[in-house]
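J.: input_8.tsv is reproduced in full below (TSV, C-alpha atoms and all ligand atoms).
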chain	number	residue	atom	x	y	z
A	1	MET	CA	0.00	0.00	0.00
A	2	LEU	CA	2.75	2.47	1.06
A	3	ARG	CA	4.84	1.72	-2.01
A	4	ASN	CA	1.75	2.22	-4.19
A	5	ALA	CA	1.06	5.60	-2.57
A	6	TYR	CA	4.68	6.60	-3.27
A	7	LEU	CA	4.42	5.49	-6.93
A	8	THR	CA	1.11	7.35	-7.28
A	9	GLY	CA	2.66	10.57	-5.95
A	10	LYS	CA	5.59	10.21	-8.37
A	11	LYS	CA	3.24	9.73	-11.34
A	12	LEU	CA	1.13	12.73	-10.36
A	13	ILE	CA	4.23	14.94	-10.26
A	14	ARG	CA	5.54	13.60	-13.59
A	15	LYS	CA	2.06	13.62	-15.16
A	16	HIS	CA	2.18	9.95	-16.13
A	17	PRO	CA	-1.01	7.83	-16.20
A	18	LEU	CA	-1.85	6.46	-12.74
A	19	ASN	CA	-3.15	3.28	-14.34
A	20	SER	CA	-5.93	3.30	-11.78
A	21	SER	CA	-7.81	0.43	-13.42
A	22	THR	CA	-6.52	-2.54	-15.43
A	23	GLU	CA	-8.47	-5.31	-17.11
A	24	ILE	CA	-6.64	-8.52	-17.93
A	25	ARG	CA	-8.36	-10.74	-20.49
A	26	LEU	CA	-6.87	-14.14	-19.76
A	27	THR	CA	-8.40	-15.95	-22.71
A	28	HIS	CA	-10.49	-15.47	-25.83
A	29	LEU	CA	-12.05	-18.91	-25.33
A	30	CYS	CA	-15.66	-18.63	-24.28
A	31	THR	CA	-18.68	-20.78	-23.43
A	32	GLN	CA	-21.14	-18.24	-24.90
A	33	ARG	CA	-21.57	-16.76	-28.39
A	34	CYS	CA	-23.04	-13.32	-27.70
A	35	ARG	CA	-24.42	-11.35	-30.62
A	36	GLN	CA	-22.73	-8.18	-29.34
A	37	CYS	CA	-19.24	-9.61	-28.96
A	38	GLN	CA	-16.47	-11.21	-31.00
A	39	VAL	CA	-13.85	-11.91	-28.35
A	40	TYR	CA	-14.15	-15.63	-29.16
A	41	LYS	CA	-13.22	-14.96	-32.81
A	42	ARG	CA	-9.76	-13.65	-31.89
A	43	ASN	CA	-7.15	-15.78	-33.55
A	44	VAL	CA	-4.07	-15.22	-31.43
A	45	ASP	CA	-1.65	-17.58	-29.83
A	46	PRO	CA	-1.72	-18.54	-26.97
A	47	ALA	CA	-5.50	-18.79	-26.53
A	48	VAL	CA	-4.99	-18.84	-22.75
A	49	MET	CA	-2.40	-16.71	-20.97
A	50	PRO	CA	0.13	-19.09	-19.33
A	51	LEU	CA	0.71	-18.63	-15.59
A	52	GLU	CA	4.34	-17.61	-16.15
A	53	ASP	CA	3.22	-14.84	-18.55
A	54	PHE	CA	0.65	-13.65	-16.02
A	55	LYS	CA	3.39	-13.48	-13.37
A	56	THR	CA	5.61	-11.38	-15.67
A	57	ILE	CA	2.71	-9.03	-16.42
A	58	ALA	CA	1.71	-8.80	-12.76
A	59	TYR	CA	5.32	-8.01	-11.80
A	60	ARG	CA	5.42	-5.19	-14.36
A	61	LEU	CA	2.09	-3.82	-13.13
A	62	ARG	CA	3.35	-3.83	-9.54
A	63	GLN	CA	6.62	-2.22	-10.59
A	64	TYR	CA	4.69	0.65	-12.23
A	65	GLY	CA	1.99	0.76	-9.56
A	66	SER	CA	-1.55	-0.48	-10.15
A	67	ASN	CA	-4.70	-0.15	-8.09
A	68	ILE	CA	-7.89	-1.77	-9.33
A	69	GLY	CA	-7.88	-5.01	-11.33
A	70	PHE	CA	-10.40	-6.97	-13.36
A	71	ILE	CA	-9.57	-10.55	-14.33
A	72	SER	CA	-11.69	-11.31	-17.35
A	73	GLY	CA	-11.98	-13.10	-20.72
A	74	GLY	CA	-13.63	-14.64	-22.74
A	75	GLU	CA	-14.70	-17.02	-20.03
A	76	SER	CA	-12.17	-16.77	-17.24
A	77	LEU	CA	-13.44	-20.06	-15.73
A	78	LEU	CA	-11.93	-21.88	-18.74
A	79	VAL	CA	-8.44	-21.01	-17.51
A	80	PRO	CA	-7.11	-24.13	-15.74
A	81	HIS	CA	-4.69	-22.11	-13.57
A	82	LEU	CA	-7.25	-19.43	-12.63
A	83	ILE	CA	-6.80	-19.77	-8.85
A	84	PRO	CA	-3.00	-19.29	-8.88
A	85	ILE	CA	-3.64	-16.30	-11.16
A	86	LEU	CA	-6.11	-14.80	-8.69
A	87	GLU	CA	-3.57	-15.34	-5.92
A	88	GLU	CA	-0.97	-13.35	-7.88
A	89	ALA	CA	-3.56	-10.73	-8.87
A	90	LYS	CA	-4.46	-10.17	-5.20
A	91	LYS	CA	-0.85	-9.02	-4.59
A	92	THR	CA	-0.96	-6.78	-7.65
A	93	PHE	CA	-4.16	-4.77	-7.17
A	94	PRO	CA	-4.30	-3.48	-3.59
A	95	VAL	CA	-7.47	-1.39	-3.89
A	96	ALA	CA	-9.91	-3.91	-5.41
A	97	LEU	CA	-9.91	-7.07	-7.47
A	98	THR	CA	-12.86	-8.40	-9.47
A	99	LEU	CA	-13.28	-11.68	-11.30
A	100	VAL	CA	-15.42	-11.22	-14.40
A	101	THR	CA	-17.14	-14.43	-15.47
A	102	GLY	CA	-20.23	-15.29	-17.50
A	103	LEU	CA	-20.97	-18.08	-14.95
A	104	TYR	CA	-21.98	-20.28	-17.88
A	105	ALA	CA	-19.94	-23.33	-16.92
A	106	LYS	CA	-20.18	-26.55	-14.91
A	107	THR	CA	-21.63	-25.93	-11.44
A	108	ASP	CA	-18.69	-27.66	-9.65
A	109	LEU	CA	-16.23	-25.31	-11.29
A	110	VAL	CA	-18.35	-22.23	-10.58
A	111	GLN	CA	-18.62	-23.31	-6.95
A	112	LYS	CA	-14.89	-23.94	-6.51
A	113	VAL	CA	-13.79	-20.62	-7.98
A	114	ALA	CA	-16.57	-18.62	-6.30
A	115	LYS	CA	-15.60	-20.09	-2.93
A	116	TYR	CA	-12.00	-18.96	-3.44
A	117	CYS	CA	-13.14	-15.45	-4.44
A	118	LEU	CA	-15.48	-15.12	-1.45
A	119	GLU	CA	-12.81	-16.33	0.99
A	120	ASN	CA	-10.37	-13.74	-0.39
A	121	ASN	CA	-12.82	-10.85	-0.73
A	122	ILE	CA	-12.53	-10.82	-4.51
A	123	ASN	CA	-15.57	-9.26	-6.18
A	124	ILE	CA	-17.49	-11.25	-8.78
A	125	GLN	CA	-19.03	-9.65	-11.85
A	126	THR	CA	-21.24	-11.56	-14.25
A	127	SER	CA	-23.59	-10.76	-17.16
A	128	LEU	CA	-27.36	-11.04	-17.45
A	129	ASP	CA	-28.72	-9.57	-20.66
A	130	GLY	CA	-31.99	-11.41	-21.17
A	131	LEU	CA	-34.47	-13.94	-19.83
A	132	GLY	CA	-35.83	-17.07	-21.54
A	133	SER	CA	-35.52	-17.33	-25.30
A	134	LEU	CA	-34.37	-13.71	-25.63
A	135	GLY	CA	-31.46	-14.40	-23.28
A	136	ASP	CA	-30.55	-17.52	-25.26
A	137	ASP	CA	-30.64	-15.55	-28.51
A	138	LEU	CA	-28.61	-12.58	-27.24
A	139	ARG	CA	-26.00	-14.73	-25.51
A	140	GLY	CA	-25.92	-17.60	-28.04
A	141	ALA	CA	-26.26	-20.09	-25.19
A	142	LYS	CA	-28.98	-22.61	-24.31
A	143	ASN	CA	-30.86	-22.06	-21.03
A	144	PHE	CA	-28.77	-18.96	-20.50
A	145	SER	CA	-30.78	-17.15	-17.81
A	146	GLU	CA	-31.72	-20.34	-15.91
A	147	THR	CA	-28.05	-21.36	-15.73
A	148	VAL	CA	-26.67	-17.97	-14.74
A	149	LEU	CA	-29.43	-17.23	-12.22
A	150	HIS	CA	-28.93	-20.65	-10.65
A	151	HIS	CA	-25.21	-19.93	-10.22
A	152	MET	CA	-25.88	-16.44	-8.88
A	153	ASN	CA	-28.17	-17.98	-6.27
A	154	LEU	CA	-25.62	-20.57	-5.33
A	155	ILE	CA	-22.83	-17.99	-4.92
A	156	ASN	CA	-25.04	-15.79	-2.76
A	157	ASP	CA	-25.74	-18.81	-0.54
A	158	LEU	CA	-21.98	-19.29	-0.10
A	159	LYS	CA	-21.33	-15.63	0.70
A	160	GLY	CA	-21.48	-15.70	4.49
A	161	GLN	CA	-19.37	-12.84	5.95
A	162	SER	CA	-17.37	-12.27	2.76
A	163	LYS	CA	-16.79	-8.66	1.73
A	164	SER	CA	-16.92	-9.57	-1.97
A	165	LEU	CA	-19.28	-7.43	-3.99
A	166	LEU	CA	-21.54	-9.52	-6.24
A	167	TYR	CA	-22.95	-7.72	-9.25
A	168	THR	CA	-24.21	-8.43	-12.72
A	169	ASN	CA	-23.77	-6.25	-15.76
A	170	ILE	CA	-26.80	-5.79	-18.00
A	171	VAL	CA	-26.04	-4.57	-21.50
A	172	ILE	CA	-29.11	-2.63	-22.61
A	173	ASN	CA	-29.96	-3.04	-26.28
A	174	ASN	CA	-33.02	-2.41	-28.43
A	175	LEU	CA	-34.35	-5.94	-27.93
A	176	ASN	CA	-34.06	-6.34	-24.14
A	177	MET	CA	-35.06	-2.83	-22.97
A	178	ASP	CA	-38.46	-3.98	-21.65
A	179	GLN	CA	-36.92	-6.88	-19.71
A	180	VAL	CA	-34.39	-4.78	-17.78
A	181	PRO	CA	-36.60	-4.12	-14.68
A	182	GLU	CA	-37.29	-7.87	-14.41
A	183	LEU	CA	-33.59	-8.69	-14.81
A	184	ILE	CA	-32.78	-6.30	-11.98
A	185	ALA	CA	-35.51	-7.81	-9.79
A	186	LYS	CA	-34.21	-11.34	-10.44
A	187	ALA	CA	-30.69	-10.25	-9.47
A	188	ARG	CA	-31.97	-8.50	-6.33
A	189	THR	CA	-33.82	-11.56	-5.06
A	190	ARG	CA	-30.55	-13.48	-5.41
A	191	GLY	CA	-28.60	-10.86	-3.44
A	192	TRP	CA	-26.79	-9.38	-6.45
A	193	LYS	CA	-26.48	-5.71	-7.45
A	194	CYS	CA	-26.48	-4.52	-11.07
A	195	THR	CA	-24.59	-2.25	-13.40
A	196	VAL	CA	-26.09	-1.27	-16.72
A	197	GLY	CA	-24.16	-0.57	-19.89
A	198	LEU	CA	-25.28	0.39	-23.39
A	199	TYR	CA	-24.79	-1.83	-26.39
A	200	HIS	CA	-22.03	-0.34	-28.58
A	201	HIS	CA	-19.74	-1.44	-31.38
A	202	LEU	CA	-16.81	0.88	-30.71
A	203	THR	CA	-13.98	-1.57	-30.07
A	204	GLU	CA	-12.34	-4.39	-32.02
A	205	THR	CA	-13.89	-7.06	-29.79
A	206	THR	CA	-17.50	-5.87	-30.22
A	207	THR	CA	-19.86	-6.66	-33.12
A	208	LYS	CA	-22.12	-4.37	-35.11
A	209	ASP	CA	-25.67	-5.75	-34.98
A	210	ARG	CA	-28.27	-3.28	-36.26
A	211	GLU	CA	-31.12	-4.89	-34.30
A	212	LEU	CA	-29.31	-4.21	-31.03
A	213	ILE	CA	-28.74	-0.48	-31.56
A	214	ILE	CA	-30.81	1.42	-28.99
A	215	GLN	CA	-33.56	3.60	-30.44
A	216	ASP	CA	-34.94	6.59	-28.61
A	217	GLY	CA	-38.66	6.67	-27.78
A	218	PRO	CA	-41.20	5.99	-25.01
A	219	ARG	CA	-39.64	2.58	-24.16
A	220	LEU	CA	-36.28	4.16	-23.45
A	221	GLU	CA	-37.91	7.05	-21.57
A	222	LYS	CA	-39.79	4.59	-19.34
A	223	LEU	CA	-36.65	2.58	-18.68
A	224	ILE	CA	-34.59	5.64	-17.74
A	225	THR	CA	-37.32	6.77	-15.33
A	226	PHE	CA	-37.12	3.32	-13.74
A	227	LEU	CA	-33.31	3.37	-13.50
A	228	ASP	CA	-33.05	6.96	-12.22
A	229	LYS	CA	-31.81	6.77	-8.59
A	230	ASN	CA	-32.65	3.05	-8.48
A	231	PRO	CA	-30.92	1.63	-5.35
A	232	ASP	CA	-30.14	-1.70	-7.07
A	233	ILE	CA	-28.01	0.05	-9.69
A	234	LEU	CA	-24.33	0.72	-9.04
A	235	ASN	CA	-23.90	3.20	-11.90
A	236	LEU	CA	-23.53	6.89	-11.21
A	237	ASN	CA	-26.86	8.62	-11.60
A	238	SER	CA	-25.28	11.14	-13.97
A	239	PHE	CA	-24.46	8.21	-16.25
A	240	ILE	CA	-28.09	7.03	-16.20
A	241	ARG	CA	-29.45	10.52	-16.82
A	242	GLY	CA	-27.05	11.04	-19.72
A	243	ILE	CA	-28.17	7.92	-21.61
A	244	ARG	CA	-31.15	9.47	-23.38
A	245	PRO	CA	-29.44	12.70	-24.46
A	246	TYR	CA	-26.57	10.56	-25.77
A	247	VAL	CA	-28.90	8.26	-27.75
A	248	GLN	CA	-30.62	11.40	-29.13
A	249	GLY	CA	-27.21	12.63	-30.30
A	250	LYS	CA	-27.35	15.67	-27.98
A	251	THR	CA	-24.47	14.96	-25.60
A	252	THR	CA	-20.95	13.78	-25.95
A	253	LEU	CA	-18.12	14.28	-23.54
A	254	PRO	CA	-14.46	14.77	-24.38
A	255	CYS	CA	-12.56	11.49	-24.65
A	256	PRO	CA	-11.50	10.59	-21.07
A	257	PHE	CA	-8.10	9.27	-22.26
A	258	VAL	CA	-7.37	12.69	-23.80
A	259	ALA	CA	-9.14	14.92	-21.26
A	260	SER	CA	-7.28	13.48	-18.28
A	261	PRO	CA	-4.54	10.97	-19.22
A	262	VAL	CA	-3.18	10.92	-15.66
A	263	LEU	CA	-6.42	10.01	-13.88
A	264	MET	CA	-8.52	8.34	-16.54
A	265	THR	CA	-6.24	6.02	-18.47
A	266	ARG	CA	-7.64	2.50	-18.24
A	267	SER	CA	-5.65	-0.31	-19.77
A	268	THR	CA	-6.77	-3.66	-21.13
A	269	ILE	CA	-4.22	-6.46	-21.41
A	270	MET	CA	-4.96	-9.30	-23.78
A	271	GLU	CA	-4.08	-13.01	-23.47
A	272	ASN	CA	-0.84	-12.48	-25.44
A	273	GLY	CA	0.31	-9.49	-23.36
A	274	ASP	CA	-0.84	-6.80	-25.82
A	275	LEU	CA	-1.91	-3.62	-24.07
A	276	THR	CA	-4.85	-1.72	-25.57
A	277	LEU	CA	-6.69	1.44	-24.52
A	278	CYS	CA	-10.05	1.77	-26.33
A	279	TRP	CA	-10.24	1.21	-30.13
A	280	GLY	CA	-7.23	0.96	-32.42
A	281	GLY	CA	-5.23	-2.13	-31.50
A	282	PRO	CA	-2.30	-2.52	-29.12
A	283	ILE	CA	0.06	0.28	-28.10
A	284	GLY	CA	2.61	-2.12	-26.60
A	285	ASN	CA	3.11	-5.57	-25.13
A	286	LEU	CA	3.71	-6.14	-21.43
A	287	LEU	CA	5.63	-9.36	-22.06
A	288	LYS	CA	8.17	-7.43	-24.11
A	289	GLU	CA	8.40	-4.04	-22.39
A	290	ASP	CA	7.43	-2.41	-19.12
A	291	LEU	CA	4.47	-0.14	-18.52
A	292	TYR	CA	6.62	2.96	-18.11
A	293	SER	CA	8.08	2.46	-21.63
A	294	ILE	CA	4.58	1.97	-23.05
A	295	PHE	CA	3.15	5.12	-21.44
A	296	THR	CA	6.11	7.24	-22.48
A	297	GLY	CA	6.30	5.72	-25.98
A	298	LYS	CA	5.33	7.10	-29.40
A	299	ARG	CA	2.40	4.74	-29.94
A	300	TYR	CA	0.69	6.00	-26.78
A	301	THR	CA	1.05	9.65	-27.84
A	302	GLN	CA	-0.15	8.86	-31.37
A	303	ARG	CA	-3.17	7.01	-30.03
A	304	LEU	CA	-4.19	9.95	-27.85
A	305	ASN	CA	-3.95	12.17	-30.94
A	306	GLU	CA	-6.30	9.83	-32.77
A	307	TYR	CA	-8.70	9.74	-29.82
A	308	SER	CA	-8.89	13.53	-29.69
A	309	SER	CA	-11.08	13.44	-32.83
A	310	CYS	CA	-13.21	10.47	-31.75
A	311	ASN	CA	-16.99	10.98	-31.94
A	312	GLY	CA	-17.42	10.08	-28.28
A	313	CYS	CA	-19.18	7.33	-26.36
A	314	TRP	CA	-21.40	6.62	-23.34
A	315	THR	CA	-19.76	3.60	-21.74
A	316	THR	CA	-19.46	2.36	-18.18
A	317	CYS	CA	-15.70	1.80	-18.50
A	318	TYR	CA	-14.79	5.19	-19.96
A	319	THR	CA	-17.59	7.78	-19.71
A	320	GLN	CA	-18.36	6.99	-16.09
A	321	ARG	CA	-14.77	7.69	-15.07
A	322	TYR	CA	-15.09	11.11	-16.65
A	323	LEU	CA	-18.38	11.84	-14.88
A	324	LEU	CA	-16.89	10.71	-11.58
A	325	ILE	CA	-13.81	12.88	-11.77
A	326	LYS	CA	-15.35	15.85	-13.57
A	327	PRO	CA	-18.92	16.26	-12.23
A	328	SER	CA	-20.86	19.04	-13.97
A	329	SER	CA	-22.26	20.54	-10.74
A	330	ALA	CA	-21.89	20.48	-6.95
A	331	ALA	CA	-25.07	18.37	-6.75
A	332	GLU	CA	-23.56	15.80	-9.12
A	333	ALA	CA	-20.32	15.75	-7.12
A	334	TRP	CA	-22.34	15.11	-3.94
A	335	ASP	CA	-24.34	12.38	-5.66
A	336	ASN	CA	-21.10	10.70	-6.84
A	337	THR	CA	-19.59	10.85	-3.34
A	338	ARG	CA	-22.69	9.28	-1.81
A	339	LYS	CA	-22.67	6.50	-4.38
A	340	LEU	CA	-18.98	5.73	-3.76
A	341	TRP	CA	-19.51	5.77	-0.02
A	342	LYS	CA	-22.41	3.33	-0.27
A	343	LEU	CA	-20.33	1.09	-2.51
A	344	LYS	CA	-17.45	1.11	-0.06
A	345	ARG	CA	-19.79	0.15	2.80
A	346	LYS	CA	-21.21	-2.71	0.76
A	347	SER	CA	-17.84	-4.21	-0.14
B	1	LIG	C1	-16.24	-8.98	-22.80
B	1	LIG	S1	-17.17	-9.60	-21.46
B	1	LIG	C2	-16.02	-10.67	-20.65
B	1	LIG	C3	-16.57	-11.36	-19.42
B	1	LIG	C4	-17.62	-12.44	-19.61
B	1	LIG	N1	-17.40	-13.23	-20.74
B	1	LIG	C5	-19.00	-11.83	-19.62
B	1	LIG	O1	-19.63	-11.79	-20.67
B	1	LIG	O2	-19.43	-11.37	-18.54
B	1	LIG	C6	-17.29	-8.20	-20.32
B	1	LIG	C7	-18.59	-7.43	-20.43
B	1	LIG	O3	-18.66	-6.78	-21.69
B	1	LIG	C8	-20.00	-6.80	-22.15
B	1	LIG	N2	-20.04	-6.58	-23.61
B	1	LIG	C9	-19.65	-7.42	-24.57
B	1	LIG	N3	-19.89	-6.88	-25.78
B	1	LIG	C10	-20.46	-5.66	-25.57
B	1	LIG	C11	-20.97	-4.64	-26.44
B	1	LIG	N4	-20.93	-4.77	-27.74
B	1	LIG	N5	-21.48	-3.53	-25.87
B	1	LIG	C12	-21.52	-3.39	-24.53
B	1	LIG	N6	-21.06	-4.32	-23.65
B	1	LIG	C13	-20.55	-5.45	-24.19
B	1	LIG	C14	-20.43	-8.19	-21.73
B	1	LIG	O4	-21.83	-8.39	-21.77
B	1	LIG	C15	-19.84	-8.28	-20.34
B	1	LIG	O5	-20.74	-7.76	-19.38
B	2	LIG	S1	-19.67	-11.07	-23.92
B	2	LIG	FE1	-18.53	-12.45	-22.59
B	2	LIG	S2	-19.69	-14.35	-22.67
B	2	LIG	FE2	-20.37	-13.17	-24.41
B	2	LIG	S3	-19.08	-13.92	-26.08
B	2	LIG	FE3	-18.13	-12.07	-25.23
B	2	LIG	S4	-16.66	-12.84	-23.79
B	2	LIG	FE4	-18.09	-14.52	-24.22
B	3	LIG	S1	-14.32	8.96	-26.80
B	3	LIG	FE1	-12.42	7.94	-26.12
B	3	LIG	S2	-13.16	6.35	-24.72
B	3	LIG	FE2	-14.92	6.98	-25.96
B	3	LIG	S3	-14.95	5.61	-27.75
B	3	LIG	FE3	-13.75	7.40	-28.33
B	3	LIG	S4	-11.63	6.83	-27.87
B	3	LIG	FE4	-12.94	5.42	-26.75
Can I see the file as structure tokens?
Ligand SMILES: C[S@@+](CC[C@H](N)C(=O)[O-])C[C@H]1O[C@@H](n2cnc3c(N)ncnc32)[C@H](O)[C@@H]1O
Ligand code: SF4
Ligand code: SF4
T.:
Amino acid sequence: MLRNAYLTGKKLIRKHPLNSSTEIRLTHLCTQRCRQCQVYKRNVDPAVMPLEDFKTIAYRLRQYGSNIGFISGGESLLVPHLIPILEEAKKTFPVALTLVTGLYAKTDLVQKVAKYCLENNINIQTSLDGLGSLGDDLRGAKNFSETVLHHMNLINDLKGQSKSLLYTNIVINNLNMDQVPELIAKARTRGWKCTVGLYHHLTETTTKDRELIIQDGPRLEKLITFLDKNPDILNLNSFIRGIRPYVQGKTTLPCPFVASPVLMTRSTIMENGDLTLCWGGPIGNLLKEDLYSIFTGKRYTQRLNEYSSCNGCWTTCYTQRYLLIKPSSAAEAWDNTRKLWKLKRKS
């Protein structure tokens, strides 16, 4: 912790990215075939990050200083050495660690990994985009909602005194909008919180599907009214309130990577060590160079130049960081503080 505080101070003075949040995608292998996603179509070698590579990457992240980590995929449960990876990740991300898993796997495996996470206060994030046949269609998986809800229930039963935060992400699209309140209710009865995101096709791992693109209208208006200040939702309220103006094409914010590189840079590390920011492919590889070289290198500067003319987005990973750090009013700042405080008490 102390060393991290020292490294943070040094980066603030030198104006280098703090690297406050890092996502590590351990594999592109997946048990689902979601319409919105093409992670599983990646054709890179190795398909699963070996433990030794993870250790090298984790060492380089610690050396630079890292705070919040997400261990993700593909389906992270398909990684045979997931528990040793989580053990290493715990040492690397002192502020918070989250395992991101679709929970669409054998129950024994779900149980074993969930137990480890709960014992070590590692948060668990899953995905719940639709119920019944709509869920199966969106996620390309048979009995999708039954399977995931069953596993959510089971994990909640194991929770005991664990400080792990359990939450499910719901990607809102034009087909599932009317189901969102029911999805949230199903999560609540199983003791899980929710985050909502908007379907997009901004990055290389997402797919353009016209049917999923959110259309403005009374359905969206009704949904936003329902989500506004909803206690089961972990998103910032400013994010929720900005959804409709964004869909109507009225609001965009400056790109967070450009507006505040020090505070808002979020990195994603792929199974082969490639480090990416948002769209545009890798800007370096953590198996070949350290994070300091990447963030002071030409490719990073070039990428920020490209992002400065991006059309903008409304995403949980990027936009929300901007809204958190640059609230538009004192009331919004107060709202953000309250939300963070509640979140801290829950975890
Ligand atoms: C890439 S997945 C990896 C973890 C795991 N496989 C899962 O689905 O939860 C992480 C999150 O991104 C979301 N996602 C995937 N494609 C998306 C898209 N086109 N737009 C918005 N969110 C998307 C998923 O639904 C999931 O909540
Ligand atoms: S969103 Fe997650 S579960 Fe769906 S295909 Fe992509 S990685 Fe797999
Ligand atoms: S505005 Fe920035 S974060 Fe948003 S899509 Fe463009 S490059 Fe990505």
J.: Identify the residues around (-19.9, -19.8, 0.9) within a radius of 12 Å, measuring from all atoms listed in the file in the coordinates stated by the file, and give them as a list in words.
T.: Val110, Gln111, Lys112, Val113, Ala114, Lys115, Tyr116, Cys117, Leu118, Glu119, Asn120, Asn121, Met152, Asn153, Leu154, Ile155, Asn156, Asp157, Leu158, Lys159, Gly160, Gln161, Ser162, Lys163 and Ser164 of chain A
J.: Rank nothing, just name the residue among A:Asn285, A:Asn123, A:Thr203, A:Thr296 nearest to ligand LIG 3 (chain B), using only C-alpha atoms and all ligand atoms.
T.: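 Under the stated criterion, the closest residue is A:Thr203.
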J.: Measuring atom to atom with only C-alpha atoms, identify which of A:Glu75, A:Ala259, A:Leu183, A:Leu277 is nearest to A:Ser308.
T.: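 Of all the options, A:Ala259 lies closest to A:Ser308.
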J.: Counting only C-alpha atoms and all ligand atoms, which residues in chain A sit no more than 9 Å from ligand LIG 3 (chain B)? For each one, give the nearest pair of atoms and the distance in Å, sorted by chain then residue number, as CSV.
T.:
residue,atom,partner,partner_atom,distance
A:Leu202,CA,B:LIG3,S3,5.9
A:Thr203,CA,B:LIG3,S3,7.6
A:Thr252,CA,B:LIG3,S1,8.2
A:Leu253,CA,B:LIG3,S1,7.3
A:Pro254,CA,B:LIG3,S1,6.3
A:Cys255,CA,B:LIG3,S1,3.8
A:Pro256,CA,B:LIG3,FE1,5.8
A:Phe257,CA,B:LIG3,FE1,5.9
A:Val258,CA,B:LIG3,FE1,7.3
A:Leu277,CA,B:LIG3,FE4,7.7
A:Cys278,CA,B:LIG3,FE4,4.7
A:Trp279,CA,B:LIG3,FE4,6.0
A:Gly280,CA,B:LIG3,S4,8.6
A:Arg303,CA,B:LIG3,S4,8.7
A:Leu304,CA,B:LIG3,S4,8.1
A:Glu306,CA,B:LIG3,S4,7.8
A:Tyr307,CA,B:LIG3,S4,4.6
A:Ser308,CA,B:LIG3,S4,7.5
A:Ser309,CA,B:LIG3,FE3,8.0
A:Cys310,CA,B:LIG3,FE3,4.6
A:Asn311,CA,B:LIG3,FE3,6.0
A:Gly312,CA,B:LIG3,S1,3.6
A:Cys313,CA,B:LIG3,FE2,4.3
A:Trp314,CA,B:LIG3,FE2,7.0
A:Thr315,CA,B:LIG3,FE2,7.3
A:Cys317,CA,B:LIG3,S2,8.1
A:Tyr318,CA,B:LIG3,S2,5.2
A:Thr319,CA,B:LIG3,S2,6.8
J.: Take the residues that were just selected and, keeping C-alpha atoms, output them as a JSON list (two decimals), keeping the file's coordinate frame.
T.:
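Listing of part-v3.json after writing:
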[["chain", "number", "residue", "atom", "x", "y", "z"],
["A", 202, "LEU", "CA", -16.81, 0.88, -30.71],
["A", 203, "THR", "CA", -13.98, -1.57, -30.07],
["A", 252, "THR", "CA", -20.95, 13.78, -25.95],
["A", 253, "LEU", "CA", -18.12, 14.28, -23.54],
["A", 254, "PRO", "CA", -14.46, 14.77, -24.38],
["A", 255, "CYS", "CA", -12.56, 11.49, -24.65],
["A", 256, "PRO", "CA", -11.50, 10.59, -21.07],
["A", 257, "PHE", "CA", -8.10, 9.27, -22.26],
["A", 258, "VAL", "CA", -7.37, 12.69, -23.80],
["A", 277, "LEU", "CA", -6.69, 1.44, -24.52],
["A", 278, "CYS", "CA", -10.05, 1.77, -26.33],
["A", 279, "TRP", "CA", -10.24, 1.21, -30.13],
["A", 280, "GLY", "CA", -7.23, 0.96, -32.42],
["A", 303, "ARG", "CA", -3.17, 7.01, -30.03],
["A", 304, "LEU", "CA", -4.19, 9.95, -27.85],
["A", 306, "GLU", "CA", -6.30, 9.83, -32.77],
["A", 307, "TYR", "CA", -8.70, 9.74, -29.82],
["A", 308, "SER", "CA", -8.89, 13.53, -29.69],
["A", 309, "SER", "CA", -11.08, 13.44, -32.83],
["A", 310, "CYS", "CA", -13.21, 10.47, -31.75],
["A", 311, "ASN", "CA", -16.99, 10.98, -31.94],
["A", 312, "GLY", "CA", -17.42, 10.08, -28.28],
["A", 313, "CYS", "CA", -19.18, 7.33, -26.36],
["A", 314, "TRP", "CA", -21.40, 6.62, -23.34],
["A", 315, "THR", "CA", -19.76, 3.60, -21.74],
["A", 317, "CYS", "CA", -15.70, 1.80, -18.50],
["A", 318, "TYR", "CA", -14.79, 5.19, -19.96],
["A", 319, "THR", "CA", -17.59, 7.78, -19.71]]
J.: Quick one: residues within 6 Å of stretch 139-146 of chain A, only C-alpha atoms, excluding same-chain residues fewer than 5 positions away - as JSON, numbers by chain?
T.: {"A": [32, 33, 34, 131]}
J.: Name the closest residue to ligand LIG 2 (chain B) among the candidates A:Ser66, A:Asn169, A:Asn305, A:Asn4; distances are taken between atoms, counting only C-alpha atoms and all ligand atoms.
T.: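 The answer is A:Asn169, which sits nearest to ligand LIG 2 (chain B).
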J.: Hey, which residues sit close to ligand LIG 2 (chain B)? Say within 12 Å, counting all atoms listed in the file, and write them as a PyMOL selection string.
T.: chain A and resi 25-42+72-78+100-105+125-129+135-141+144+148+169-171+199-200+204-207
J.: Any chance you could model N, CA and C atoms for stretch 302-306 of chain A and send them as an mmCIF file, in the frame of the given file?
T.:
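Below is the file rebuild.cif, written as the result:
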data_model
loop_
_atom_site.group_PDB
_atom_site.id
_atom_site.type_symbol
_atom_site.label_atom_id
_atom_site.label_comp_id
_atom_site.auth_asym_id
_atom_site.auth_seq_id
_atom_site.Cartn_x
_atom_site.Cartn_y
_atom_site.Cartn_z
ATOM 1 N N GLN A 302 0.601 8.869 -30.095
ATOM 2 C CA GLN A 302 -0.150 8.860 -31.370
ATOM 3 C C GLN A 302 -1.606 8.477 -31.148
ATOM 4 N N ARG A 303 -1.800 7.483 -30.279
ATOM 5 C CA ARG A 303 -3.170 7.010 -30.030
ATOM 6 C C ARG A 303 -4.011 8.113 -29.400
ATOM 7 N N LEU A 304 -3.430 8.854 -28.467
ATOM 8 C CA LEU A 304 -4.190 9.950 -27.850
ATOM 9 C C LEU A 304 -4.552 10.999 -28.905
ATOM 10 N N ASN A 305 -3.633 11.227 -29.843
ATOM 11 C CA ASN A 305 -3.950 12.170 -30.940
ATOM 12 C C ASN A 305 -5.140 11.684 -31.736
ATOM 13 N N GLU A 306 -5.166 10.389 -32.013
ATOM 14 C CA GLU A 306 -6.300 9.830 -32.770
ATOM 15 C C GLU A 306 -7.594 9.950 -31.962
#
